[in-house]
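*Asks:* Sharing entry_16.cif here; it has mmCIF, C-alpha atoms and all ligand atoms.
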```cif
data_entry
loop_
_atom_site.label_atom_id
_atom_site.label_comp_id
_atom_site.auth_asym_id
_atom_site.auth_seq_id
_atom_site.Cartn_x
_atom_site.Cartn_y
_atom_site.Cartn_z
CA MET A 1 0.00 0.00 0.00
CA LYS A 2 1.09 3.58 -0.68
CA ILE A 3 1.19 5.93 2.28
CA GLU A 4 -2.18 7.57 1.49
CA THR A 5 -3.85 4.16 1.54
CA LYS A 6 -2.03 3.20 4.74
CA CYS A 7 -3.44 6.32 6.45
CA MET A 8 -6.90 4.87 5.98
CA HIS A 9 -6.52 1.11 6.01
CA GLU A 10 -3.57 0.09 8.21
CA GLY A 11 -4.11 -1.10 11.76
CA TYR A 12 -7.65 -2.37 11.55
CA THR A 13 -9.28 -4.80 9.13
CA PRO A 14 -12.86 -5.71 10.03
CA LYS A 15 -13.87 -9.33 9.65
CA ASN A 16 -17.22 -10.33 8.18
CA GLY A 17 -20.02 -8.39 9.92
CA GLU A 18 -17.71 -6.35 12.17
CA PRO A 19 -17.84 -2.51 12.45
CA ARG A 20 -16.32 -0.73 9.45
CA VAL A 21 -14.71 1.91 11.69
CA VAL A 22 -12.29 0.95 14.46
CA PRO A 23 -14.54 0.59 17.54
CA ILE A 24 -13.94 2.38 20.85
CA VAL A 25 -13.27 -0.41 23.33
CA GLN A 26 -14.22 1.42 26.50
CA SER A 27 -13.14 -1.19 29.04
CA THR A 28 -10.34 -1.16 31.57
CA THR A 29 -10.14 -4.92 31.68
CA TYR A 30 -10.74 -8.15 29.77
CA SER A 31 -12.39 -11.35 30.90
CA PHE A 32 -10.86 -14.83 30.80
CA ASP A 33 -12.23 -18.26 31.67
CA SER A 34 -9.40 -19.45 33.88
CA THR A 35 -6.65 -18.34 36.28
CA GLU A 36 -4.27 -20.44 34.23
CA HIS A 37 -5.03 -18.40 31.11
CA ILE A 38 -4.29 -15.16 32.99
CA ALA A 39 -1.10 -16.66 34.44
CA GLY A 40 0.01 -17.41 30.88
CA LEU A 41 -0.52 -13.77 29.91
CA PHE A 42 1.87 -12.69 32.64
CA ASP A 43 4.48 -14.93 31.00
CA MET A 44 3.76 -13.82 27.44
CA PRO A 45 1.49 -10.82 26.82
CA THR A 46 -0.22 -12.10 23.67
CA GLU A 47 -3.69 -10.72 24.53
CA TYR A 48 -5.05 -7.55 26.13
CA MET A 49 -5.24 -7.78 29.90
CA TYR A 50 -5.36 -4.26 31.35
CA SER A 51 -5.84 -0.85 29.72
CA ARG A 52 -3.03 0.86 31.63
CA PHE A 53 -0.66 -0.42 28.93
CA ALA A 54 -2.70 -1.91 26.06
CA ASN A 55 -6.17 -1.48 24.58
CA PRO A 56 -7.60 -2.67 21.22
CA THR A 57 -8.56 0.83 19.97
CA VAL A 58 -5.15 2.26 20.87
CA ASP A 59 -3.50 -0.84 19.41
CA ALA A 60 -5.13 -0.25 16.00
CA VAL A 61 -3.73 3.29 15.95
CA GLU A 62 -0.30 2.06 17.09
CA LYS A 63 -0.20 -0.44 14.21
CA LYS A 64 -1.21 2.28 11.76
CA ILE A 65 1.50 4.70 12.92
CA ALA A 66 4.14 1.93 12.91
CA ALA A 67 3.18 1.17 9.30
CA LEU A 68 3.29 4.86 8.31
CA GLU A 69 6.78 5.30 9.76
CA GLY A 70 8.04 1.93 8.51
CA GLY A 71 8.71 0.59 12.03
CA VAL A 72 8.15 -2.85 13.58
CA GLY A 73 5.93 -1.59 16.40
CA ALA A 74 4.65 1.50 18.18
CA MET A 75 3.29 2.56 21.55
CA CYS A 76 0.99 5.53 22.10
CA THR A 77 1.39 7.82 25.11
CA SER A 78 -0.85 10.44 26.69
CA SER A 79 1.30 13.34 25.39
CA GLY A 80 4.32 14.11 23.26
CA GLN A 81 6.22 14.87 26.47
CA ALA A 82 5.51 11.36 27.75
CA ALA A 83 6.81 9.93 24.46
CA SER A 84 10.08 11.90 24.75
CA LEU A 85 10.46 10.87 28.40
CA ILE A 86 9.90 7.15 27.83
CA SER A 87 12.02 7.10 24.66
CA ILE A 88 14.99 8.15 26.82
CA LEU A 89 14.18 6.28 30.05
CA ASN A 90 13.92 3.05 28.08
CA ILE A 91 17.66 3.41 27.38
CA CYS A 92 19.22 5.65 30.05
CA ASN A 93 19.56 5.03 33.79
CA ALA A 94 20.73 7.36 36.56
CA GLY A 95 24.43 7.98 35.91
CA ASP A 96 24.05 7.85 32.12
CA SER A 97 24.13 10.65 29.60
CA PHE A 98 22.74 11.17 26.12
CA ILE A 99 23.34 13.70 23.36
CA SER A 100 20.67 16.02 21.94
CA ALA A 101 20.61 18.64 19.24
CA ALA A 102 20.30 22.03 20.96
CA THR A 103 17.59 23.27 18.62
CA ILE A 104 14.61 21.27 19.83
CA TYR A 105 11.17 22.04 21.25
CA GLY A 106 11.29 24.17 24.44
CA GLY A 107 9.28 21.68 26.48
CA THR A 108 11.77 18.96 25.57
CA VAL A 109 14.64 21.25 26.63
CA ASN A 110 13.03 21.64 30.08
CA LEU A 111 12.53 17.89 30.37
CA PHE A 112 16.06 17.03 29.24
CA ALA A 113 18.05 19.84 30.87
CA VAL A 114 16.24 20.24 34.18
CA THR A 115 13.92 17.36 35.10
CA LEU A 116 15.98 14.42 33.80
CA LYS A 117 19.01 15.95 35.49
CA ARG A 118 17.18 15.72 38.82
CA PHE A 119 16.89 11.97 38.14
CA GLY A 120 20.61 11.64 37.45
CA ILE A 121 20.50 11.59 33.64
CA GLU A 122 22.63 14.17 31.86
CA CYS A 123 21.69 15.65 28.50
CA ILE A 124 24.67 16.92 26.49
CA PHE A 125 23.42 19.56 24.05
CA VAL A 126 25.30 19.90 20.77
CA ASP A 127 25.09 22.02 17.63
CA ALA A 128 23.60 19.54 15.16
CA ASP A 129 25.33 21.37 12.30
CA ALA A 130 28.74 20.47 13.77
CA SER A 131 31.00 18.04 11.91
CA GLU A 132 31.15 14.39 12.96
CA GLU A 133 34.58 15.05 14.50
CA GLU A 134 33.15 17.88 16.60
CA LEU A 135 30.19 15.74 17.63
CA GLN A 136 32.55 12.94 18.65
CA LYS A 137 34.08 15.23 21.31
CA ALA A 138 30.73 15.32 23.14
CA VAL A 139 30.63 11.52 23.63
CA LYS A 140 31.44 10.24 27.12
CA PRO A 141 31.87 6.62 28.27
CA ASN A 142 28.33 6.75 29.76
CA THR A 143 26.64 8.26 26.67
CA ARG A 144 23.87 6.01 25.42
CA ALA A 145 21.66 7.74 22.83
CA VAL A 146 21.40 10.61 20.36
CA PHE A 147 18.27 12.75 19.98
CA GLY A 148 17.14 15.39 17.46
CA GLU A 149 14.10 16.90 15.70
CA THR A 150 13.63 16.46 11.94
CA LEU A 151 12.25 20.00 11.65
CA ALA A 152 12.91 21.89 14.86
CA ASN A 153 10.11 23.75 16.65
CA PRO A 154 10.33 26.79 16.56
CA ALA A 155 13.78 27.19 14.93
CA ILE A 156 12.50 25.57 11.67
CA LYS A 157 15.92 23.96 11.15
CA VAL A 158 16.21 20.76 9.15
CA LEU A 159 18.28 18.02 10.78
CA ASP A 160 20.85 16.03 8.79
CA ILE A 161 19.44 12.69 9.92
CA GLU A 162 21.89 10.52 7.96
CA LYS A 163 24.87 12.30 9.48
CA LEU A 164 23.53 11.90 13.02
CA ALA A 165 22.67 8.24 12.36
CA ARG A 166 26.24 7.60 11.16
CA PHE A 167 27.64 9.32 14.22
CA ALA A 168 25.31 7.46 16.62
CA HIS A 169 25.96 4.05 15.04
CA LYS A 170 29.72 4.55 14.97
CA ASN A 171 29.41 4.86 18.76
CA ASN A 172 27.04 1.86 19.00
CA MET A 173 24.18 4.13 20.07
CA PRO A 174 20.62 4.49 18.75
CA LEU A 175 19.32 7.68 17.09
CA ILE A 176 15.95 8.95 18.33
CA ILE A 177 14.12 11.43 16.10
CA ASP A 178 11.18 13.65 17.03
CA ASN A 179 9.29 13.76 13.71
CA THR A 180 6.33 15.84 14.90
CA PHE A 181 6.37 18.63 12.29
CA PRO A 182 6.95 16.65 9.07
CA THR A 183 4.83 13.61 10.08
CA PRO A 184 5.55 10.39 8.13
CA ILE A 185 3.81 11.96 5.13
CA LEU A 186 6.72 14.35 4.53
CA CYS A 187 9.65 12.43 6.07
CA ARG A 188 10.23 8.91 7.38
CA PRO A 189 13.41 9.13 9.50
CA ILE A 190 13.81 5.32 9.75
CA GLU A 191 14.54 5.30 5.99
CA PHE A 192 17.49 7.61 6.73
CA GLY A 193 18.90 5.49 9.56
CA ALA A 194 16.96 6.62 12.65
CA ASP A 195 16.27 3.82 15.14
CA ILE A 196 13.40 5.28 17.16
CA VAL A 197 10.87 7.89 16.03
CA ILE A 198 8.62 9.83 18.37
CA HIS A 199 5.79 12.31 17.84
CA SER A 200 3.61 14.74 19.63
CA THR A 201 0.40 13.50 17.95
CA THR A 202 -1.23 16.61 19.45
CA LYS A 203 0.00 18.49 16.39
CA TYR A 204 -0.57 17.50 12.72
CA MET A 205 -1.42 13.85 13.37
CA ASP A 206 -4.50 14.81 15.37
CA GLY A 207 -4.53 18.03 13.39
CA HIS A 208 -7.84 19.36 14.67
CA ALA A 209 -6.66 20.51 18.13
CA VAL A 210 -8.99 18.08 19.90
CA GLN A 211 -6.74 15.61 21.73
CA GLY A 212 -3.23 15.65 23.19
CA GLY A 213 -1.11 12.56 22.62
CA GLY A 214 2.23 11.07 21.68
CA VAL A 215 3.72 7.96 20.14
CA ILE A 216 7.02 6.06 20.07
CA VAL A 217 7.87 3.98 16.99
CA ASP A 218 10.55 1.27 16.99
CA GLY A 219 12.51 0.91 13.75
CA GLY A 220 13.50 -2.62 14.82
CA LYS A 221 17.04 -2.44 13.41
CA PHE A 222 19.21 -1.40 16.35
CA ASP A 223 21.37 -4.12 17.92
CA TRP A 224 20.52 -3.86 21.62
CA ALA A 225 22.74 -6.89 22.27
CA ASN A 226 25.92 -4.99 21.30
CA GLY A 227 27.14 -5.12 24.91
CA LYS A 228 26.26 -1.55 25.81
CA TYR A 229 22.65 -2.15 26.91
CA PRO A 230 22.56 -4.98 29.49
CA GLU A 231 19.00 -4.15 30.59
CA PHE A 232 17.87 -5.39 27.16
CA THR A 233 19.79 -8.65 27.31
CA GLU A 234 19.96 -9.49 31.04
CA PRO A 235 16.91 -10.80 32.98
CA ASP A 236 14.40 -8.09 34.05
CA GLU A 237 13.74 -8.87 37.70
CA SER A 238 10.49 -6.85 37.57
CA TYR A 239 9.17 -9.03 34.76
CA HIS A 240 9.88 -12.63 35.87
CA GLY A 241 13.43 -12.56 34.55
CA VAL A 242 12.68 -11.94 30.90
CA SER A 243 15.52 -10.99 28.52
CA TYR A 244 13.92 -8.60 26.01
CA THR A 245 16.33 -9.32 23.16
CA LYS A 246 16.10 -13.10 23.62
CA GLU A 247 12.32 -13.17 24.03
CA PHE A 248 11.22 -10.46 21.61
CA GLY A 249 14.05 -10.11 19.04
CA ASN A 250 13.75 -6.94 16.94
CA MET A 251 10.75 -5.75 19.00
CA ALA A 252 12.85 -5.63 22.20
CA TYR A 253 12.79 -1.83 22.54
CA ILE A 254 9.08 -1.28 22.10
CA ILE A 255 8.03 -4.31 24.19
CA LYS A 256 10.33 -3.21 27.01
CA ALA A 257 8.88 0.31 26.82
CA ARG A 258 5.39 -1.13 27.24
CA MET A 259 5.86 -4.05 29.62
CA GLN A 260 8.28 -2.24 31.92
CA LEU A 261 7.81 1.55 31.66
CA MET A 262 4.18 1.90 30.55
CA ARG A 263 3.27 -0.75 33.11
CA ASP A 264 4.97 1.33 35.81
CA PHE A 265 4.12 4.90 34.66
CA GLY A 266 0.70 4.32 33.14
CA CYS A 267 0.72 7.35 30.82
CA TYR A 268 -1.37 5.45 28.26
CA PRO A 269 -4.06 7.18 26.22
CA ALA A 270 -7.75 6.37 26.63
CA ALA A 271 -9.52 4.43 23.87
CA ASN A 272 -11.59 7.49 23.03
CA SER A 273 -8.40 9.58 22.54
CA ALA A 274 -7.02 6.99 20.15
CA PHE A 275 -10.31 6.99 18.22
CA LEU A 276 -10.01 10.76 17.69
CA LEU A 277 -6.35 10.42 16.70
CA ASN A 278 -7.33 7.79 14.16
CA LEU A 279 -9.79 10.17 12.51
CA GLY A 280 -6.97 12.69 12.16
CA LEU A 281 -4.61 10.10 10.69
CA GLU A 282 -7.12 9.06 8.03
CA THR A 283 -6.88 12.47 6.33
CA LEU A 284 -3.27 13.28 7.27
CA HIS A 285 -1.92 12.95 3.72
CA VAL A 286 -4.52 15.35 2.29
CA ARG A 287 -3.98 17.90 5.05
CA MET A 288 -0.17 17.87 4.96
CA LYS A 289 -0.14 18.53 1.22
CA ARG A 290 -2.39 21.57 1.65
CA HIS A 291 -0.50 22.86 4.73
CA CYS A 292 2.70 22.84 2.63
CA GLU A 293 1.08 24.54 -0.37
CA ASN A 294 -0.47 27.26 1.77
CA ALA A 295 2.74 27.82 3.75
CA GLU A 296 4.82 28.18 0.57
CA LYS A 297 2.43 30.86 -0.71
CA VAL A 298 2.36 32.70 2.63
CA CYS A 299 6.16 32.50 2.78
CA ALA A 300 6.48 34.02 -0.71
CA TYR A 301 4.08 36.81 0.31
CA LEU A 302 5.95 37.57 3.54
CA GLU A 303 9.32 37.63 1.77
CA THR A 304 8.30 40.60 -0.34
CA HIS A 305 6.56 42.58 2.42
CA GLU A 306 8.20 45.87 3.41
CA LYS A 307 7.34 45.42 7.11
CA VAL A 308 9.05 42.04 7.30
CA GLN A 309 12.70 41.88 8.27
CA SER A 310 13.28 38.16 7.59
CA VAL A 311 11.37 34.94 6.93
CA ASN A 312 12.46 31.53 8.12
CA TYR A 313 11.05 28.63 6.11
CA PRO A 314 13.19 26.11 4.23
CA THR A 315 11.90 27.24 0.82
CA ALA A 316 12.44 30.96 1.57
CA LYS A 317 15.08 32.67 -0.61
CA GLY A 318 18.60 32.05 0.65
CA ASN A 319 17.47 29.83 3.53
CA ALA A 320 20.38 27.90 5.04
CA ASN A 321 18.29 24.71 5.19
CA ALA A 322 17.38 24.57 1.50
CA GLU A 323 19.73 21.68 0.63
CA LEU A 324 18.79 19.57 3.64
CA ALA A 325 15.11 20.24 2.96
CA LYS A 326 15.50 19.00 -0.64
CA LYS A 327 16.89 15.75 0.68
CA TYR A 328 14.70 15.12 3.72
CA LEU A 329 11.50 17.03 2.89
CA PRO A 330 11.15 16.81 -0.90
CA ASP A 331 7.34 16.98 -0.79
CA GLY A 332 7.11 20.06 1.44
CA CYS A 333 8.22 21.50 4.75
CA SER A 334 4.89 21.48 6.66
CA GLY A 335 2.95 24.59 7.61
CA VAL A 336 5.03 26.36 10.26
CA ILE A 337 6.87 29.57 9.38
CA THR A 338 8.65 32.02 11.64
CA PHE A 339 9.28 35.60 10.60
CA ASN A 340 10.65 38.76 12.17
CA ILE A 341 8.61 41.89 11.87
CA LYS A 342 10.48 45.21 11.65
CA GLY A 343 10.23 47.21 14.87
CA GLY A 344 10.67 44.36 17.35
CA LYS A 345 8.33 43.23 20.12
CA ALA A 346 5.95 46.22 20.06
CA ASN A 347 5.16 45.75 16.38
CA ALA A 348 4.96 41.96 16.71
CA ILE A 349 2.31 42.34 19.40
CA LYS A 350 0.41 45.03 17.48
CA PHE A 351 0.43 42.79 14.38
CA MET A 352 -0.71 39.68 16.24
CA ASP A 353 -3.46 41.48 18.14
CA SER A 354 -4.75 42.86 14.84
CA LEU A 355 -5.23 39.46 13.20
CA LYS A 356 -8.88 38.49 12.78
CA LEU A 357 -8.87 35.07 11.11
CA ALA A 358 -5.64 33.72 12.63
CA THR A 359 -5.95 33.09 16.36
CA ASN A 360 -3.48 33.79 19.14
CA CYS A 361 -3.05 30.48 20.89
CA VAL A 362 -0.59 28.13 22.53
CA HIS A 363 -0.74 25.62 19.73
CA VAL A 364 0.84 24.86 16.41
CA ALA A 365 0.36 22.49 13.49
CA ASP A 366 -3.40 22.64 13.49
CA ILE A 367 -5.99 23.05 10.68
CA ARG A 368 -6.79 26.63 11.81
CA THR A 369 -4.14 29.30 11.22
CA CYS A 370 -2.68 30.40 14.52
CA VAL A 371 0.17 32.56 15.81
CA LEU A 372 2.38 32.65 18.87
CA HIS A 373 4.98 35.17 20.06
CA PRO A 374 7.82 32.97 21.41
CA ALA A 375 9.60 35.85 23.22
CA SER A 376 6.56 36.55 25.42
CA ALA A 377 5.15 33.00 25.65
CA THR A 378 7.16 29.78 25.27
CA HIS A 379 10.53 31.51 25.78
CA ARG A 380 9.32 34.13 28.27
CA GLN A 381 11.79 33.08 31.00
CA LEU A 382 14.82 33.84 28.81
CA THR A 383 16.82 37.06 29.09
CA ASP A 384 17.44 39.18 25.97
CA GLU A 385 20.91 37.61 25.64
CA GLN A 386 19.50 34.10 25.99
CA LEU A 387 16.85 34.89 23.36
CA VAL A 388 19.60 35.85 20.94
CA ALA A 389 21.48 32.61 21.71
CA ALA A 390 18.30 30.61 21.08
CA GLY A 391 17.89 32.41 17.75
CA ILE A 392 14.73 34.15 18.88
CA ASP A 393 14.32 37.81 17.98
CA SER A 394 11.84 39.76 20.14
CA GLY A 395 10.05 40.57 16.87
CA MET A 396 9.78 36.90 15.90
CA ILE A 397 6.32 35.51 15.21
CA ARG A 398 5.57 31.81 14.79
CA LEU A 399 2.87 31.43 12.19
CA SER A 400 1.19 28.04 11.82
CA VAL A 401 -0.47 28.14 8.42
CA GLY A 402 -3.79 26.32 8.41
CA LEU A 403 -6.13 24.95 5.78
CA GLU A 404 -8.27 28.02 5.15
CA ASN A 405 -8.21 29.39 1.60
CA VAL A 406 -4.74 30.89 1.32
CA ASP A 407 -6.14 34.16 -0.09
CA ASP A 408 -8.10 34.64 3.15
CA ILE A 409 -4.99 33.89 5.24
CA ILE A 410 -2.93 36.42 3.27
CA ALA A 411 -5.72 39.03 3.39
CA ASP A 412 -5.83 38.68 7.18
CA ILE A 413 -2.05 39.12 7.43
CA GLU A 414 -2.25 42.11 5.07
CA GLN A 415 -4.84 43.94 7.18
CA ALA A 416 -2.85 43.22 10.36
CA PHE A 417 0.30 44.69 8.77
CA ALA A 418 -1.74 47.77 7.81
CA ALA A 419 -2.56 48.25 11.51
CA VAL A 420 1.14 48.29 12.46
C1 LIG A 501 4.45 20.00 21.12
C2 LIG A 501 5.69 19.26 20.89
C3 LIG A 501 6.14 18.29 21.81
C4 LIG A 501 5.42 18.00 23.11
O1 LIG A 501 4.20 17.41 22.84
P1 LIG A 501 2.90 17.53 23.80
O2 LIG A 501 1.90 16.71 23.06
O3 LIG A 501 2.56 18.98 23.89
O4 LIG A 501 3.29 16.94 25.10
C5 LIG A 501 7.30 17.59 21.50
N1 LIG A 501 7.99 17.85 20.37
C6 LIG A 501 7.59 18.77 19.47
C7 LIG A 501 8.39 19.00 18.24
C8 LIG A 501 6.43 19.51 19.71
O5 LIG A 501 6.05 20.45 18.81
#
```
Translate this structure into structure tokens?
Ligand SMILES: *Cc1c(COP(=O)(O)O)cnc(C)c1O
*Replies:*
Amino acid sequence: MKIETKCMHEGYTPKNGEPRVVPIVQSTTYSFDSTEHIAGLFDMPTEYMYSRFANPTVDAVEKKIAALEGGVGAMCTSSGQAASLISILNICNAGDSFISAATIYGGTVNLFAVTLKRFGIECIFVDADASEEELQKAVKPNTRAVFGETLANPAIKVLDIEKLARFAHKNNMPLIIDNTFPTPILCRPIEFGADIVIHSTTKYMDGHAVQGGGVIVDGGKFDWANGKYPEFTEPDESYHGVSYTKEFGNMAYIIKARMQLMRDFGCYPAANSAFLLNLGLETLHVRMKRHCENAEKVCAYLETHEKVQSVNYPTAKGNANAELAKKYLPDGCSGVITFNIKGGKANAIKFMDSLKLATNCVHVADIRTCVLHPASATHRQLTDEQLVAAGIDSGMIRLSVGLENVDDIIADIEQAFAAV
């Protein structure tokens, strides 16, 4: 099946007389006819037993997302943050470190730099544009993973996934990629060597701003038995001595994430949430195409506007990411643009407050055009110097181009500029 067809048909195939649409299985538990049967499930989880870590509706969506990304398995989480957290905790213990690109989502920076540190896990931030030799200098004996975002939020920087995969694999480490902005419609990081892919499904995958969620996808290719990851090969005392690599082969990572961490943390989505996510996924390919088309037109309009100082979108004239975008995002760069308005913060706020169609909201990657002012919202705690270091001008506006008619979006922007 091509990816458009997978969006609709993967994950759930009704048998004769069954519901056409994946049903919402609203049950915390499952009934069995013997204690022996249940005992067997504790040895080998081949059926659903408890909805803290598995549910048929969520399972259908997990299978669909695994197929879209080209992975061997997936696990949904109750938020993108939970997906980032578990993707790391499944590999790193207290006393370990991992490497992350510095240009990543602000919420992930908090999680990695502050909260994980409190639990004894160090995140080493690097400039992802650095050469492999430079990157090598960041590796310590206890470094166990590499993390980056395909298309960084809100820096709109394209990651050289193949380079990072080479670097990670040379050091016998897995590469984890947050693929939230491109979605598997525009980029499939596993095809470029990534081992694990995560998403905030809250964004384009849901697309309609109705349900928060996340997902972790296992590419199934990383060799967890390379000697560096004993918790994958040695018996898990919390799970009757199972060895994940021996028992589950190339699904070791995703089964461990579920049977160990989801079992213990319980940040699993409800069946109803997965049902809503599935509706979003069914039309994802149509929506992403239009988001890209609209964003390219809005970008071209902004580039020529006298009140705009600069526009950051991979297809903008002279953009530093153009080459990487051609390679990793040949079908489009999604719908998020950042631009700097002349006159700094005061004009940015005047412009944003004058918009009528586009809404001011703490969201992005949604069907409705929306804007956010990073300097006064997501990056509010930073000083002026720190804002500069993070590449955020006080006049910077993050514009998430939606699916309205692009002429209406541009007309709204035009009248807001007129008010500045
Ligand atoms: C929003 C976002 C997250 C966090 O996801 P939540 O669903 O809000 O928890 C992680 N990564 C990226 C790139 C995001 O945009």
*Asks:* Which chain A residues have any atom within 6 Å of an atom of ligand LIG 501 (chain A), and for each, what is the nearest pair of atoms with distance in Å to one decimal, counting all atoms listed in the file, rows sorted by chain and number, as JSON lines?
*Replies:*
```
{"residue": "A:Ser79", "atom": "CA", "partner": "A:LIG501", "partner_atom": "O4", "distance": 4.1}
{"residue": "A:Gly80", "atom": "CA", "partner": "A:LIG501", "partner_atom": "O1", "distance": 3.3}
{"residue": "A:Gln81", "atom": "CA", "partner": "A:LIG501", "partner_atom": "O4", "distance": 3.8}
{"residue": "A:Tyr105", "atom": "CA", "partner": "A:LIG501", "partner_atom": "C7", "distance": 5.1}
{"residue": "A:Asn153", "atom": "CA", "partner": "A:LIG501", "partner_atom": "C7", "distance": 5.3}
{"residue": "A:Thr180", "atom": "CA", "partner": "A:LIG501", "partner_atom": "C7", "distance": 5.0}
{"residue": "A:Ser200", "atom": "CA", "partner": "A:LIG501", "partner_atom": "O1", "distance": 4.2}
{"residue": "A:Thr202", "atom": "CA", "partner": "A:LIG501", "partner_atom": "O2", "distance": 4.8}
{"residue": "A:Gly212", "atom": "CA", "partner": "A:LIG501", "partner_atom": "O2", "distance": 5.2}
{"residue": "A:Gly213", "atom": "CA", "partner": "A:LIG501", "partner_atom": "O2", "distance": 5.1}
{"residue": "A:Gly214", "atom": "CA", "partner": "A:LIG501", "partner_atom": "O2", "distance": 5.8}
```
*Asks:* Keeping C-alpha atoms for every residue in the selection just given, could you write it to a file as an mmCIF file, keeping the file's coordinate frame?
*Replies:*
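To be explicit, this is the file written out as again_32.cif:
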```cif
data_model
loop_
_atom_site.group_PDB
_atom_site.id
_atom_site.type_symbol
_atom_site.label_atom_id
_atom_site.label_comp_id
_atom_site.auth_asym_id
_atom_site.auth_seq_id
_atom_site.Cartn_x
_atom_site.Cartn_y
_atom_site.Cartn_z
ATOM 1 C CA SER A 79 1.300 13.340 25.390
ATOM 2 C CA GLY A 80 4.320 14.110 23.260
ATOM 3 C CA GLN A 81 6.220 14.870 26.470
ATOM 4 C CA TYR A 105 11.170 22.040 21.250
ATOM 5 C CA ASN A 153 10.110 23.750 16.650
ATOM 6 C CA THR A 180 6.330 15.840 14.900
ATOM 7 C CA SER A 200 3.610 14.740 19.630
ATOM 8 C CA THR A 202 -1.230 16.610 19.450
ATOM 9 C CA GLY A 212 -3.230 15.650 23.190
ATOM 10 C CA GLY A 213 -1.110 12.560 22.620
ATOM 11 C CA GLY A 214 2.230 11.070 21.680
#
```
*Asks:* Ranking A:Ile121, A:Ala113, A:Ala194, A:Leu329 by minimum distance to Phe147 in chain A and counting all atoms listed in the file, which one comes first?
*Replies:*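 The answer is A:Ala194, which sits nearest to Phe147 in chain A.
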*Asks:* Between CA of Leu302 in chain A and CA of Cys333 in chain A, what is the distance in Å, rounded to a tenth?
*Replies:* 16.3 Å
*Asks:* Any idea what's packed within 10 Å of range 374-389 of chain A, counting only C-alpha atoms, ignoring anything in its chain fewer than 3 positions away? Could you give it as a PyMOL selection string?
*Replies:* chain A and resi 105-107+154+338+345+349+361-362+371+392-398
*Asks:* At a cut-off of 12 Å, using all atoms listed in the file, what residues contact Lys170 in chain A? Leave out same-chain residues fewer than 4 positions from it and give the result as a PDB file with C-alpha atoms, in the frame of the given file.
*Replies:*
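Contents of selection27.pdb, as written:
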```pdb
ATOM      1  CA  GLU A 132      31.150  14.390  12.960  1.00  0.00           C
ATOM      2  CA  GLU A 133      34.580  15.050  14.500  1.00  0.00           C
ATOM      3  CA  LEU A 135      30.190  15.740  17.630  1.00  0.00           C
ATOM      4  CA  GLN A 136      32.550  12.940  18.650  1.00  0.00           C
ATOM      5  CA  VAL A 139      30.630  11.520  23.630  1.00  0.00           C
ATOM      6  CA  ALA A 145      21.660   7.740  22.830  1.00  0.00           C
ATOM      7  CA  VAL A 146      21.400  10.610  20.360  1.00  0.00           C
ATOM      8  CA  LYS A 163      24.870  12.300   9.480  1.00  0.00           C
ATOM      9  CA  LEU A 164      23.530  11.900  13.020  1.00  0.00           C
ATOM     10  CA  ALA A 165      22.670   8.240  12.360  1.00  0.00           C
ATOM     11  CA  ARG A 166      26.240   7.600  11.160  1.00  0.00           C
ATOM     12  CA  PRO A 174      20.620   4.490  18.750  1.00  0.00           C
ATOM     13  CA  LEU A 175      19.320   7.680  17.090  1.00  0.00           C
TER      14      LEU A 175
END
```
*Asks:* Counting only C-alpha atoms, which of A:Ile409, A:Leu186, A:Val22, A:Ala257 gets nearest to Ala82 in chain A?
*Replies:*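 Nearest candidate to Ala82 in chain A out of A:Ile409, A:Leu186, A:Val22, A:Ala257: A:Ala257.
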*Asks:* Please, what distance in Å, to one decimal, runs between CA of Val21 in chain A and CA of Glu404 in chain A?
*Replies:*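 Straight-line distance from CA of Val21 in chain A to CA of Glu404 in chain A works out to 27.7 Å.
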*Asks:* I'd like the contact shell of Asn55 in chain A - 10 Å cut-off, all atoms listed in the file, skipping same-chain residues fewer than 2 positions apart - returned as a list in words.
*Replies:* Ile24, Val25, Gln26, Ser27, Thr28, Thr29, Tyr30, Glu47, Tyr48, Met49, Tyr50, Ser51, Arg52, Phe53, Thr57, Val58, Asp59, Ala60, Tyr268, Pro269, Ala270, Ala271 and Ala274 of chain A
*Asks:* Excluding range 64-73 of chain A and any residue of its chain fewer than 2 positions from it, enumerate the residues within 7 Å of it, using all atoms listed in the file, and give them as a PyMOL selection string.
*Replies:* chain A and resi 3+6+10-11+60-62+184+188+190+217-220+251+254
*Asks:* Around the point (23.0, 13.4, 22.8), in the coordinates given by the file, pick out the residues reaching within 7 Å, counting all atoms listed in the file, and return them as JSON, numbers by chain.
*Replies:* {"A": [98, 99, 100, 101, 123, 124, 125, 145, 146, 147]}
*Asks:* Hey, what's within 12 Å of Ile337 in chain A if we count all atoms listed in the file and toss same-chain stuff fewer than 4 positions away? As number ranges by chain, please?
*Replies:* A: 151-157, 181, 291-292, 294-303, 310-316, 333, 364-365, 369-372, 396-402
